[in-house]
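Just below is one structure, and these are the notes that go with it.
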Amino acid sequence: MEEFKKQYKKILEQYILKQTEHNLYEGQNISRQLIQKNISPEEVISIHKASLEEIMSDLDGDVQHSFDLLIEVMIRYGLALKEHQTLIQKQQNIKMEMELAANVQQTLLKTKVPKEIDLDIGIITVPAKEMNGDYAHFLHDNTHVGIAVADVIGKGIPAALCMSMIKYGMDSLDGAETDPVIVLDVINRIVEKSVSDSMFISMFYGKYDTSKSEFTYASAGHEPPLFYCSETSSFTELQAKGLLLGVIPNVKYEQQSITLNKGDFVVMMTDGVTECRSKEGFIEQKTIMDIIENVRDQPAQEMVEYVFHKLEELQDFEQRDDFTLVIFKKI
Amino acid sequence: MNISVELHQTDLLTVNGIIKGEIDAFTAPTLREKLAEIDLKENLQVIIDLTDVSYMDSTGLGVFVGFYKSINASNSHMELIGLSSRLKRLFDITGLGEIMDIQASSGEVKIDETV
């Protein structure tokens, strides 16, 4: 503090002597140090007053008094500054906690993409904020591959917490062979008991049987996947009736099956994909289909990444919702 | 990002509501509070007109799911009318169209894609 007082007095002395740009700039420099050292505005004025008294012995009494008033006026500014600094510190702490939570979530939701089967699988899931409200999980044994894609209403922490329920529901299943309708029924019972009234989850579950190249699926109010038939070069929606998870306890889900031939693929997604909006309005399903079809001969992982980047571009890189896309391609 | 919610009790057992604007994460709390003001009782009919709702996301859907649950618990009835084709699709995909009483807008289908 003493050193600072000396420094300030010197700058002031120089400036009173000669009002140059350089001498003014010294003042700017010192204010940076002041902020760093948490010196309040009223303290700065006190220092100014003391320095001035030392420099000008004939300083007018009225001018001296006026500084006392100014010091009083600045006290609130000093308090506001302190408050601001505390808030910044708090915000940094929250941000750190969020990062930790996001890490925990990533570990919790880690899923292994099945390999060495007759399916080429691509997956991308990108949260809009730190925490992801989308969920994608694989089950796998020698003959079956199960895929769950779910979307919890809302984003951020509440959605992420809610999602751990699906994880535990999935872990309680017998294995990849379980029928989609049973998977949805089990998870609906868990979710219905545990969520608040306006909370719900949409979920799609598909099971691929490698022995029959058959894809069986059911949906709990989820965005229908797109099925691309390579023979006819056309898309169809894989619709299956079923209510969202968490609304009522007993729901009858519809189960459907299709056979996948070489080059056919199924595109599963969350509404972060279908509800994309550009300046001109919603991005049409046809646009999304065209984007996918453009890269149909690429490996599945490259396909999902391409679709994500293309849609990101169309939305001016402003991602509003969690985005998840999974492709099962028959090889 | 605006919403207006008007509720009129037309007789002892009927409440008519008109919602205009967008129902998303920002406006959903307003809608939820407004709907909570309705004094639910047995045989009450709540008819909500969504003709002028230009956009609704899953948070908006959540408000109706919550309201639907309280309606059921109190043995009242809710009807949503004037759904645009985009809104209708949202209710159909989620399966809510099967359990709720919903009516698509009659006549010319109005879709506002410019929001």
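We label chains A, B, ... in the order they appear in the structure tokens, count residues from 1 in each chain, and number ligands from 1 in the order shown.
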For the interface of chain A with chain B (cut-off 6 Å, counting only C-alpha atoms), please tabulate each contacting residue of chain A alongside its nearest pair of atoms and their separation in Å to one decimal, rows sorted by chain and increasing number, as a Markdown table.
```
| residue | atom | partner | partner_atom | distance |
| --- | --- | --- | --- | --- |
| A:Ile153 | CA | B:Ser58 | CA | 5.9 |
| A:Asp197 | CA | B:Gly66 | CA | 4.7 |
| A:Ser198 | CA | B:Gly66 | CA | 4.1 |
| A:Met199 | CA | B:Gly62 | CA | 6.0 |
| A:Gly221 | CA | B:Thr94 | CA | 3.4 |
| A:Gly242 | CA | B:Gly95 | CA | 5.4 |
| A:Leu243 | CA | B:Gly95 | CA | 4.1 |
| A:Leu244 | CA | B:Thr94 | CA | 5.6 |
| A:Gly281 | CA | B:Thr114 | CA | 4.9 |
```
In chain B, DSSP alpha helix (DSSP H) residues written as number ranges by chain: B: 28-36, 58-73, 85-93, 96-99
Test item, strand (DSSP E) assignment across stretch 68-229 of chain A, answer as a PyMOL selection string: chain A and resi 119-126+134-140+144-152+201-209+214-220+226-229
Which residues are close to A:Arg76, i.e. within 12 Å by only C-alpha atoms, leaving aside same-chain residues fewer than 5 positions away? Reply as a PyMOL selection string. chain A and resi 40-42+70-71+81-83
Save the residues we just selected, C-alpha atoms, as a PDB file, in the first residue's frame?
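Saved to out-v1.pdb:
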```pdb
ATOM      1  CA  SER A  40     -11.597   0.092  -3.406  1.00  0.00           C
ATOM      2  CA  PRO A  41     -12.605   3.339  -5.209  1.00  0.00           C
ATOM      3  CA  GLU A  42     -12.931   5.286  -1.962  1.00  0.00           C
ATOM      4  CA  LEU A  70     -16.575  12.229  -2.838  1.00  0.00           C
ATOM      5  CA  ILE A  71     -15.166   9.471  -0.606  1.00  0.00           C
ATOM      6  CA  LEU A  81     -17.347  -4.047  -6.670  1.00  0.00           C
ATOM      7  CA  LYS A  82     -16.750  -6.487  -3.809  1.00  0.00           C
ATOM      8  CA  GLU A  83     -20.124  -8.118  -4.448  1.00  0.00           C
TER       9      GLU A  83
END
```
What gap, in Å, lies between atom CA of A:Leu52 and atom CA of A:Lys5? 11.3 Å
Pairwise distance, atom CA of A:Gln319 with atom CA of A:Glu275, equals 10.6 Å
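For the choices A:Glu313, A:Glu214, A:Ile331, A:Cys229, the atom-to-atom distance to A:Lys279 is smallest for A:Glu313 when using only C-alpha atoms.
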